[in-house]
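run_34.cif (mmCIF, C-alpha atoms) appears below.
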```cif
data_coords
#
loop_
_atom_site.group_PDB
_atom_site.id
_atom_site.type_symbol
_atom_site.label_atom_id
_atom_site.label_comp_id
_atom_site.auth_asym_id
_atom_site.auth_seq_id
_atom_site.Cartn_x
_atom_site.Cartn_y
_atom_site.Cartn_z
ATOM 1 C CA MET A 1 0.000 0.000 0.000
ATOM 2 C CA SER A 2 1.084 3.607 -0.582
ATOM 3 C CA LEU A 3 -0.348 7.102 -0.324
ATOM 4 C CA ASP A 4 -1.656 9.017 -3.343
ATOM 5 C CA LEU A 5 -4.572 11.221 -4.312
ATOM 6 C CA ALA A 6 -6.694 8.216 -5.286
ATOM 7 C CA ALA A 7 -6.259 6.708 -1.799
ATOM 8 C CA ILE A 8 -7.245 10.026 -0.211
ATOM 9 C CA ARG A 9 -10.340 10.326 -2.409
ATOM 10 C CA THR A 10 -11.317 6.733 -1.560
ATOM 11 C CA ALA A 11 -10.857 7.530 2.127
ATOM 12 C CA HIS A 12 -13.081 10.581 1.764
ATOM 13 C CA ASP A 13 -15.858 8.504 0.209
ATOM 14 C CA ARG A 14 -15.520 5.923 2.997
ATOM 15 C CA ILE A 15 -15.579 8.302 5.951
ATOM 16 C CA ARG A 16 -17.941 11.005 4.665
ATOM 17 C CA PRO A 17 -20.976 9.637 6.581
ATOM 18 C CA HIS A 18 -18.979 9.634 9.829
ATOM 19 C CA ILE A 19 -17.209 13.014 9.829
ATOM 20 C CA VAL A 20 -18.013 16.722 9.758
ATOM 21 C CA ARG A 21 -17.110 18.790 6.725
ATOM 22 C CA THR A 22 -15.537 21.472 8.869
ATOM 23 C CA PRO A 23 -15.798 25.149 7.938
ATOM 24 C CA VAL A 24 -12.991 27.322 6.604
ATOM 25 C CA LEU A 25 -12.947 30.599 8.545
ATOM 26 C CA THR A 26 -11.193 33.897 7.897
ATOM 27 C CA ASN A 27 -10.454 36.883 10.133
ATOM 28 C CA GLU A 28 -9.755 40.430 8.974
ATOM 29 C CA TRP A 29 -7.643 41.308 12.040
ATOM 30 C CA LEU A 30 -5.306 38.345 11.597
ATOM 31 C CA ASP A 31 -5.107 39.087 7.870
ATOM 32 C CA ALA A 32 -4.084 42.654 8.684
ATOM 33 C CA ALA A 33 -1.471 41.447 11.177
ATOM 34 C CA CYS A 34 0.253 39.221 8.608
ATOM 35 C CA GLY A 35 -0.377 41.194 5.412
ATOM 36 C CA GLY A 36 -1.983 38.286 3.564
ATOM 37 C CA ARG A 37 -5.173 36.223 3.492
ATOM 38 C CA LEU A 38 -5.439 33.346 5.968
ATOM 39 C CA PHE A 39 -7.914 30.492 5.527
ATOM 40 C CA PHE A 40 -8.346 28.375 8.660
ATOM 41 C CA LYS A 41 -9.601 24.793 8.180
ATOM 42 C CA CYS A 42 -11.314 24.301 11.537
ATOM 43 C CA GLU A 43 -10.656 20.695 12.510
ATOM 44 C CA ASN A 44 -11.134 21.791 16.111
ATOM 45 C CA LEU A 45 -14.831 21.519 15.180
ATOM 46 C CA GLN A 46 -14.465 17.932 13.930
ATOM 47 C CA HIS A 47 -15.877 14.910 15.768
ATOM 48 C CA VAL A 48 -13.731 14.208 18.887
ATOM 49 C CA GLY A 49 -12.476 17.798 18.520
ATOM 50 C CA ALA A 50 -9.627 17.010 16.122
ATOM 51 C CA PHE A 51 -8.651 15.975 12.583
ATOM 52 C CA LYS A 52 -7.733 12.572 14.020
ATOM 53 C CA ALA A 53 -11.340 11.444 13.509
ATOM 54 C CA ARG A 54 -10.597 11.279 9.787
ATOM 55 C CA GLY A 55 -7.608 8.937 9.843
ATOM 56 C CA ALA A 56 -8.850 6.642 12.583
ATOM 57 C CA THR A 57 -12.241 6.245 10.929
ATOM 58 C CA ASN A 58 -10.690 5.444 7.560
ATOM 59 C CA ALA A 59 -8.309 2.885 9.063
ATOM 60 C CA ILE A 60 -10.948 1.121 11.176
ATOM 61 C CA PHE A 61 -13.570 1.022 8.451
ATOM 62 C CA SER A 62 -10.915 -0.322 6.051
ATOM 63 C CA LEU A 63 -10.479 -3.448 8.198
ATOM 64 C CA SER A 64 -11.984 -6.738 7.118
ATOM 65 C CA ASP A 65 -14.327 -8.446 9.572
ATOM 66 C CA ALA A 66 -11.564 -10.946 10.338
ATOM 67 C CA GLU A 67 -9.123 -8.130 11.164
ATOM 68 C CA ALA A 68 -11.663 -6.267 13.282
ATOM 69 C CA VAL A 69 -13.106 -9.158 15.269
ATOM 70 C CA HIS A 70 -10.795 -8.742 18.286
ATOM 71 C CA GLY A 71 -10.971 -4.957 18.305
ATOM 72 C CA VAL A 72 -8.317 -2.327 17.764
ATOM 73 C CA ALA A 73 -5.461 -0.924 19.825
ATOM 74 C CA THR A 74 -3.372 2.207 19.723
ATOM 75 C CA HIS A 75 -1.161 4.529 21.746
ATOM 76 C CA SER A 76 -1.802 8.260 21.803
ATOM 77 C CA SER A 77 -1.596 11.372 23.953
ATOM 78 C CA GLY A 78 -5.287 11.912 23.380
ATOM 79 C CA ASN A 79 -6.832 13.008 20.095
ATOM 80 C CA HIS A 80 -6.018 9.855 18.097
ATOM 81 C CA ALA A 81 -7.037 7.804 21.125
ATOM 82 C CA ALA A 82 -10.474 9.396 21.175
ATOM 83 C CA ALA A 83 -10.782 9.058 17.418
ATOM 84 C CA VAL A 84 -9.988 5.323 17.575
ATOM 85 C CA ALA A 85 -12.435 4.836 20.451
ATOM 86 C CA ARG A 86 -15.187 6.630 18.530
ATOM 87 C CA ALA A 87 -14.589 4.802 15.241
ATOM 88 C CA ALA A 88 -14.422 1.460 17.051
ATOM 89 C CA ARG A 89 -17.738 2.198 18.734
ATOM 90 C CA LEU A 90 -19.254 3.019 15.338
ATOM 91 C CA ARG A 91 -17.867 -0.279 14.010
ATOM 92 C CA GLY A 92 -19.124 -2.154 17.082
ATOM 93 C CA ILE A 93 -15.728 -3.408 18.289
ATOM 94 C CA PRO A 94 -13.625 -2.733 21.415
ATOM 95 C CA ALA A 95 -10.801 -0.175 21.514
ATOM 96 C CA PHE A 96 -7.738 -0.690 23.738
ATOM 97 C CA ILE A 97 -5.928 2.593 24.306
ATOM 98 C CA VAL A 98 -2.489 3.318 25.786
ATOM 99 C CA MET A 99 -2.075 6.908 26.992
ATOM 100 C CA PRO A 100 0.855 8.650 28.713
ATOM 101 C CA SER A 101 0.304 9.291 32.407
ATOM 102 C CA ASN A 102 0.700 13.039 31.843
ATOM 103 C CA SER A 103 -2.046 13.203 29.205
ATOM 104 C CA ASN A 104 -4.334 16.224 29.130
ATOM 105 C CA ALA A 105 -7.278 15.552 31.467
ATOM 106 C CA ALA A 106 -9.788 16.724 28.874
ATOM 107 C CA LYS A 107 -8.384 14.247 26.365
ATOM 108 C CA ILE A 108 -8.604 11.352 28.837
ATOM 109 C CA ARG A 109 -12.261 12.228 29.453
ATOM 110 C CA ASN A 110 -12.823 12.335 25.706
ATOM 111 C CA VAL A 111 -11.498 8.777 25.285
ATOM 112 C CA GLU A 112 -13.611 7.539 28.186
ATOM 113 C CA ARG A 113 -16.701 9.181 26.693
ATOM 114 C CA PHE A 114 -16.356 7.004 23.583
ATOM 115 C CA GLY A 115 -15.792 3.805 25.534
ATOM 116 C CA GLY A 116 -12.038 3.418 25.053
ATOM 117 C CA ARG A 117 -10.365 1.025 27.512
ATOM 118 C CA ILE A 118 -7.423 3.065 28.794
ATOM 119 C CA THR A 119 -4.043 1.819 30.005
ATOM 120 C CA LEU A 120 -1.718 4.535 31.345
ATOM 121 C CA CYS A 121 2.054 4.361 30.846
ATOM 122 C CA GLU A 122 5.185 6.404 31.411
ATOM 123 C CA PRO A 123 5.288 9.525 29.186
ATOM 124 C CA THR A 124 7.868 8.300 26.656
ATOM 125 C CA ASN A 125 7.476 6.992 23.120
ATOM 126 C CA ALA A 126 9.228 3.760 24.077
ATOM 127 C CA ALA A 127 6.866 3.152 26.999
ATOM 128 C CA ARG A 128 3.830 3.853 24.830
ATOM 129 C CA GLU A 129 4.925 1.419 22.141
ATOM 130 C CA ALA A 130 5.863 -1.297 24.639
ATOM 131 C CA ALA A 131 2.548 -1.038 26.518
ATOM 132 C CA CYS A 132 0.615 -1.129 23.258
ATOM 133 C CA ALA A 133 2.535 -4.204 22.080
ATOM 134 C CA ARG A 134 1.649 -5.984 25.331
ATOM 135 C CA LEU A 135 -2.031 -5.117 24.890
ATOM 136 C CA ILE A 136 -2.036 -6.475 21.356
ATOM 137 C CA THR A 137 -0.436 -9.718 22.557
ATOM 138 C CA GLU A 138 -3.075 -10.057 25.286
ATOM 139 C CA THR A 139 -6.121 -9.144 23.178
ATOM 140 C CA SER A 140 -5.176 -9.977 19.551
ATOM 141 C CA ALA A 141 -6.445 -6.487 18.667
ATOM 142 C CA THR A 142 -5.342 -4.853 15.416
ATOM 143 C CA LEU A 143 -2.938 -1.914 15.708
ATOM 144 C CA ILE A 144 -4.180 1.447 14.418
ATOM 145 C CA HIS A 145 -0.989 3.469 14.563
ATOM 146 C CA PRO A 146 -1.397 7.220 15.155
ATOM 147 C CA PHE A 147 0.592 8.202 12.052
ATOM 148 C CA ASN A 148 2.812 5.422 10.656
ATOM 149 C CA ASP A 149 -0.060 3.928 8.634
ATOM 150 C CA TYR A 150 -1.036 4.787 5.047
ATOM 151 C CA ARG A 151 -4.740 4.320 5.851
ATOM 152 C CA VAL A 152 -4.477 6.874 8.646
ATOM 153 C CA MET A 153 -2.529 9.289 6.439
ATOM 154 C CA ALA A 154 -5.119 8.966 3.671
ATOM 155 C CA GLY A 155 -7.897 9.841 6.093
ATOM 156 C CA GLN A 156 -5.998 12.864 7.400
ATOM 157 C CA GLY A 157 -5.463 14.077 3.835
ATOM 158 C CA THR A 158 -9.200 14.529 3.390
ATOM 159 C CA ALA A 159 -9.033 17.781 5.388
ATOM 160 C CA ALA A 160 -6.748 19.331 2.758
ATOM 161 C CA LEU A 161 -8.943 17.881 0.012
ATOM 162 C CA GLU A 162 -11.914 19.775 1.425
ATOM 163 C CA LEU A 163 -9.879 22.938 2.008
ATOM 164 C CA LEU A 164 -8.741 23.011 -1.620
ATOM 165 C CA GLU A 165 -12.230 22.267 -2.912
ATOM 166 C CA ASP A 166 -13.462 25.330 -1.027
ATOM 167 C CA HIS A 167 -10.427 27.516 -1.812
ATOM 168 C CA PRO A 168 -8.505 26.221 -4.846
ATOM 169 C CA GLY A 169 -6.416 29.378 -5.252
ATOM 170 C CA LEU A 170 -4.148 28.949 -2.219
ATOM 171 C CA ASP A 171 -0.422 29.681 -2.526
ATOM 172 C CA LEU A 172 0.691 27.955 0.653
ATOM 173 C CA ILE A 173 -0.540 25.533 3.327
ATOM 174 C CA LEU A 174 0.846 25.498 6.869
ATOM 175 C CA CYS A 175 0.417 22.322 8.866
ATOM 176 C CA PRO A 176 1.569 21.253 12.341
ATOM 177 C CA VAL A 177 3.750 18.147 12.479
ATOM 178 C CA GLY A 178 4.160 15.535 15.207
ATOM 179 C CA GLY A 179 4.390 12.022 13.800
ATOM 180 C CA GLY A 180 3.597 13.234 10.296
ATOM 181 C CA GLY A 181 0.211 11.703 9.498
ATOM 182 C CA LEU A 182 -1.620 14.986 8.926
ATOM 183 C CA LEU A 183 1.374 16.525 7.177
ATOM 184 C CA CYS A 184 1.775 13.615 4.747
ATOM 185 C CA GLY A 185 -1.911 13.468 3.883
ATOM 186 C CA THR A 186 -2.015 17.236 3.431
ATOM 187 C CA ALA A 187 1.133 17.399 1.310
ATOM 188 C CA VAL A 188 0.222 14.500 -0.987
ATOM 189 C CA ALA A 189 -3.298 15.817 -1.593
ATOM 190 C CA ALA A 190 -2.173 19.401 -2.154
ATOM 191 C CA LYS A 191 0.752 18.636 -4.467
ATOM 192 C CA ALA A 192 -1.380 16.272 -6.562
ATOM 193 C CA LEU A 193 -4.053 18.931 -7.039
ATOM 194 C CA HIS A 194 -1.779 21.985 -7.290
ATOM 195 C CA PRO A 195 1.909 21.063 -7.823
ATOM 196 C CA ALA A 196 3.133 24.657 -7.350
ATOM 197 C CA LEU A 197 1.426 25.030 -3.976
ATOM 198 C CA ARG A 198 4.010 25.174 -1.171
ATOM 199 C CA ILE A 199 3.668 23.029 1.964
ATOM 200 C CA ILE A 200 5.419 24.143 5.138
ATOM 201 C CA ALA A 201 5.425 22.049 8.299
ATOM 202 C CA THR A 202 5.512 23.802 11.673
ATOM 203 C CA GLU A 203 6.560 22.355 15.011
ATOM 204 C CA PRO A 204 7.664 23.450 18.494
ATOM 205 C CA ALA A 205 11.374 24.116 18.985
ATOM 206 C CA GLY A 206 11.096 21.888 22.055
ATOM 207 C CA ALA A 207 10.066 18.931 19.871
ATOM 208 C CA ASP A 208 12.001 19.661 16.693
ATOM 209 C CA ASP A 209 12.752 16.156 15.389
ATOM 210 C CA ALA A 210 10.968 16.843 12.083
ATOM 211 C CA ALA A 211 13.065 19.942 11.399
ATOM 212 C CA ARG A 212 16.298 18.174 12.343
ATOM 213 C CA SER A 213 15.355 15.108 10.300
ATOM 214 C CA PHE A 214 14.415 17.253 7.293
ATOM 215 C CA GLN A 215 17.777 19.024 7.436
ATOM 216 C CA ALA A 216 19.780 15.822 8.015
ATOM 217 C CA GLY A 217 18.051 13.795 5.306
ATOM 218 C CA GLN A 218 17.324 10.968 7.753
ATOM 219 C CA VAL A 219 15.101 10.433 10.776
ATOM 220 C CA VAL A 220 16.646 11.987 13.881
ATOM 221 C CA PRO A 221 14.544 10.688 16.795
ATOM 222 C CA ALA A 222 13.302 13.041 19.472
ATOM 223 C CA THR A 223 15.292 12.774 22.710
ATOM 224 C CA LYS A 224 14.337 15.429 25.247
ATOM 225 C CA VAL A 225 10.885 16.755 24.370
ATOM 226 C CA GLU A 226 9.492 19.782 26.181
ATOM 227 C CA THR A 227 6.491 21.583 24.737
ATOM 228 C CA ILE A 228 3.009 22.649 25.696
ATOM 229 C CA ALA A 229 1.854 21.275 22.319
ATOM 230 C CA ASP A 230 1.144 17.778 23.628
ATOM 231 C CA GLY A 231 -0.153 16.524 20.268
ATOM 232 C CA LEU A 232 3.254 17.154 18.655
ATOM 233 C CA ARG A 233 5.536 15.307 21.058
ATOM 234 C CA THR A 234 5.982 12.208 18.879
ATOM 235 C CA THR A 235 8.831 11.346 16.513
ATOM 236 C CA ILE A 236 8.394 11.216 12.726
ATOM 237 C CA GLY A 237 7.372 7.747 11.532
ATOM 238 C CA PRO A 238 9.457 5.677 9.072
ATOM 239 C CA LEU A 239 6.614 5.581 6.536
ATOM 240 C CA ASN A 240 6.021 9.305 6.946
ATOM 241 C CA PHE A 241 9.542 10.615 6.478
ATOM 242 C CA PRO A 242 10.052 9.680 2.785
ATOM 243 C CA LEU A 243 6.766 11.395 1.950
ATOM 244 C CA ILE A 244 7.845 14.484 3.879
ATOM 245 C CA GLN A 245 11.130 14.545 1.976
ATOM 246 C CA ARG A 246 9.319 14.278 -1.344
ATOM 247 C CA TYR A 247 6.365 16.612 -0.865
ATOM 248 C CA VAL A 248 7.141 19.134 1.911
ATOM 249 C CA ASP A 249 8.982 22.346 1.038
ATOM 250 C CA ASP A 250 10.240 23.331 4.494
ATOM 251 C CA VAL A 251 9.940 22.671 8.225
ATOM 252 C CA VAL A 252 10.123 25.567 10.692
ATOM 253 C CA THR A 253 10.068 25.716 14.487
ATOM 254 C CA VAL A 254 8.443 28.116 16.937
ATOM 255 C CA THR A 255 8.913 29.071 20.573
ATOM 256 C CA GLU A 256 6.667 28.109 23.468
ATOM 257 C CA ALA A 257 5.851 31.792 24.040
ATOM 258 C CA GLY A 258 4.901 32.048 20.381
ATOM 259 C CA ILE A 259 2.553 29.079 20.630
ATOM 260 C CA ILE A 260 0.780 30.558 23.649
ATOM 261 C CA THR A 261 0.477 33.973 21.977
ATOM 262 C CA ALA A 262 -0.941 32.455 18.800
ATOM 263 C CA MET A 263 -3.357 30.280 20.760
ATOM 264 C CA ARG A 264 -4.654 33.292 22.625
ATOM 265 C CA ARG A 265 -4.976 35.332 19.434
ATOM 266 C CA LEU A 266 -7.104 32.572 17.880
ATOM 267 C CA TRP A 267 -9.348 32.427 20.940
ATOM 268 C CA GLU A 268 -9.720 36.207 21.121
ATOM 269 C CA GLU A 269 -9.925 37.138 17.442
ATOM 270 C CA MET A 270 -11.783 34.143 15.987
ATOM 271 C CA LYS A 271 -13.887 33.230 19.050
ATOM 272 C CA ILE A 272 -12.982 29.542 18.768
ATOM 273 C CA ILE A 273 -11.222 27.127 21.115
ATOM 274 C CA VAL A 274 -7.991 25.649 19.797
ATOM 275 C CA GLU A 275 -5.368 23.609 21.611
ATOM 276 C CA PRO A 276 -1.652 24.520 21.630
ATOM 277 C CA SER A 277 -0.756 22.133 18.780
ATOM 278 C CA ALA A 278 -3.293 23.838 16.520
ATOM 279 C CA ALA A 279 -1.774 27.261 17.214
ATOM 280 C CA VAL A 280 1.712 26.308 16.013
ATOM 281 C CA PRO A 281 1.169 27.303 12.334
ATOM 282 C CA LEU A 282 -0.099 30.766 13.263
ATOM 283 C CA ALA A 283 2.837 31.100 15.682
ATOM 284 C CA ALA A 284 5.182 30.513 12.739
ATOM 285 C CA ILE A 285 3.575 33.472 10.943
ATOM 286 C CA LEU A 286 3.497 35.784 13.965
ATOM 287 C CA GLU A 287 7.151 34.993 14.765
ATOM 288 C CA GLY A 288 8.207 35.719 11.191
ATOM 289 C CA LYS A 289 9.322 32.154 10.467
ATOM 290 C CA VAL A 290 7.055 32.029 7.401
ATOM 291 C CA ARG A 291 6.389 35.068 5.222
ATOM 292 C CA VAL A 292 2.798 35.194 3.986
ATOM 293 C CA ALA A 293 2.452 38.848 2.948
ATOM 294 C CA GLY A 294 0.477 39.074 -0.277
ATOM 295 C CA LEU A 295 -0.271 35.338 -0.267
ATOM 296 C CA ARG A 296 -3.363 33.197 0.235
ATOM 297 C CA THR A 297 -2.418 30.769 3.006
ATOM 298 C CA GLY A 298 -4.336 27.754 4.239
ATOM 299 C CA ILE A 299 -3.854 26.726 7.867
ATOM 300 C CA ILE A 300 -4.995 23.420 9.357
ATOM 301 C CA LEU A 301 -6.320 24.093 12.868
ATOM 302 C CA SER A 302 -5.691 20.558 14.033
ATOM 303 C CA GLY A 303 -7.724 20.359 17.246
ATOM 304 C CA GLY A 304 -9.484 22.029 20.135
ATOM 305 C CA ASN A 305 -9.252 19.718 23.135
ATOM 306 C CA VAL A 306 -8.096 21.873 26.021
ATOM 307 C CA ASP A 307 -8.152 21.377 29.779
ATOM 308 C CA LEU A 308 -9.931 24.596 30.760
ATOM 309 C CA ALA A 309 -8.632 24.227 34.313
ATOM 310 C CA ALA A 310 -5.032 24.460 33.086
ATOM 311 C CA LEU A 311 -4.908 27.231 30.486
ATOM 312 C CA PRO A 312 -1.409 28.650 29.766
ATOM 313 C CA TRP A 313 -2.427 32.229 30.546
#
```

Whole structure given in structure tokens:
Amino acid sequence: MSLDLAAIRTAHDRIRPHIVRTPVLTNEWLDAACGGRLFFKCENLQHVGAFKARGATNAIFSLSDAEAVHGVATHSSGNHAAAVARAARLRGIPAFIVMPSNSNAAKIRNVERFGGRITLCEPTNAAREAACARLITETSATLIHPFNDYRVMAGQGTAALELLEDHPGLDLILCPVGGGGLLCGTAVAAKALHPALRIIATEPAGADDAARSFQAGQVVPATKVETIADGLRTTIGPLNFPLIQRYVDDVVTVTEAGIITAMRRLWEEMKIIVEPSAAVPLAAILEGKVRVAGLRTGIILSGGNVDLAALPW
């Protein structure tokens, strides 16, 4: 299996009954601040509050009955976990979820709401993967990886497909990057439809494995990860990186202060709730890491699951 526009279109047909076609919003004050036109694809308004509903639903509804009979398993800091739990409930199968012990409380509640069976682990990628492997051995569940899965990537790419159907004249798309599922789906869809359109990945400086990998030409795993953007703390997947090399034009990093400022601007100016990971692309613009003056720029607002008792301001 691989990832191409046909796979993304097939995913869109498969998941359309189970997802929201999220709106694309604009804001004159943010346009004035950056000197260009910004088009925000609001995946914070998606089912489970994040774009992850797309990839998880495509992957789970792609399974044969034989593959699905024992349920599905995954590891996730929250949004993919909730998306897997929801899609599994729609499919009528159990979902076994490994989450880091420091997961956002709102995201844990979200998984529980959809019936996910949670196992907590130490907050490292190695601990997550090991705990998930044990669960799969115990349950015979099928792994639905958060990003290192072409079916998941194809589902995530449907957000960009919709964005470009609504606004085909974009010059640039900014996308947050953690493991690379959303970025790969976005980049493959966009480049297939509009080859000259530039794709820029954005990530926290405190979790900059994608930027370092992009510069080095090989995956450089994350070591010490410190960022408020909990959805972007994972390392680029081996299936994701070749697609990033082929289709992504640049990867830039932003500061923690920049993420918080951008998050607050989105809340205040657009009157919508976004989580820190979703604010990273706007932070790249506000910090001058990406120049958008005179351009039409699409931004994927990846999610809106926030613990309101622990806001960063």

Practice prompt. Name the residues that the PyMOL selection byres ((chain A and resi 190-195) around 12) picks from the file above, as a ChimeraX atom specification, using the file's chain letters and numbers.
Written response: /A:3-9,157-165,167-175,182-189,196-200,243-244,246-249,298

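Applied to this file, the PyMOL selection byres ((chain A and resi 93) around 10) selects Ile60, Ala68, Val69, His70, Gly71, Val72, Ala85, Ala87, Ala88, Arg89, Leu90, Arg91, Gly92, Pro94, Ala95 and Ala141 of chain A.
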
Check: Asn102 (chain A): which residues within 9 Å, counting all atoms listed in the file, same-chain residues fewer than 2 positions away excluded, as a ChimeraX atom specification?
Finding: /A:77,99-100,104-105,120-123

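The smallest atom-to-atom distance between Asn240 (chain A) and any of A:Ser213, A:Asn79, A:Gln46, A:Thr139, using only C-alpha atoms, is found for A:Ser213.
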
Across A:Ile260, A:Ile272, A:Val252, A:Ser101, the smallest distance to Lys289 (chain A), with all atoms listed in the file counted, is shown by A:Val252

Contact residues around His47 (chain A) with all atoms listed in the file at 12 Å, ignoring same-chain residues under 2 positions, as a ChimeraX atom specification:
/A:15-22,42-45,49-57,79-80,82-87,110,114,302-305

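Neighbourhood of point (-0.5, 35.3, 3.7): residues with an atom at most 9 Å away, counting all atoms listed in the file, are Asp31, Cys34, Gly35, Gly36, Arg37, Leu38, Asp171, Leu172, Ile285, Arg291, Val292, Ala293, Gly294, Leu295, Arg296, Thr297 and Gly298 of chain A.
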
Please expand the PyMOL selection byres ((chain A and resi 221) around 9) into the concrete residues it hits in this file, giving the result as a ChimeraX atom specification.
/A:209-210,212-213,219-220,222-223,234-236

Filtering to C-alpha atoms, could you give me those residues as a short mmCIF file (atom, residue, chain, number, x, y, z; two decimals), keeping the file's coordinate frame?
```cif
data_model
loop_
_atom_site.label_atom_id
_atom_site.label_comp_id
_atom_site.auth_asym_id
_atom_site.auth_seq_id
_atom_site.Cartn_x
_atom_site.Cartn_y
_atom_site.Cartn_z
CA ASP A 209 12.75 16.16 15.39
CA ALA A 210 10.97 16.84 12.08
CA ARG A 212 16.30 18.17 12.34
CA SER A 213 15.36 15.11 10.30
CA VAL A 219 15.10 10.43 10.78
CA VAL A 220 16.65 11.99 13.88
CA ALA A 222 13.30 13.04 19.47
CA THR A 223 15.29 12.77 22.71
CA THR A 234 5.98 12.21 18.88
CA THR A 235 8.83 11.35 16.51
CA ILE A 236 8.39 11.22 12.73
#
```

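Atom pair CA of Ala130 (chain A) / CA of Gly116 (chain A) has a distance of 18.5 Å (rounded to one decimal).
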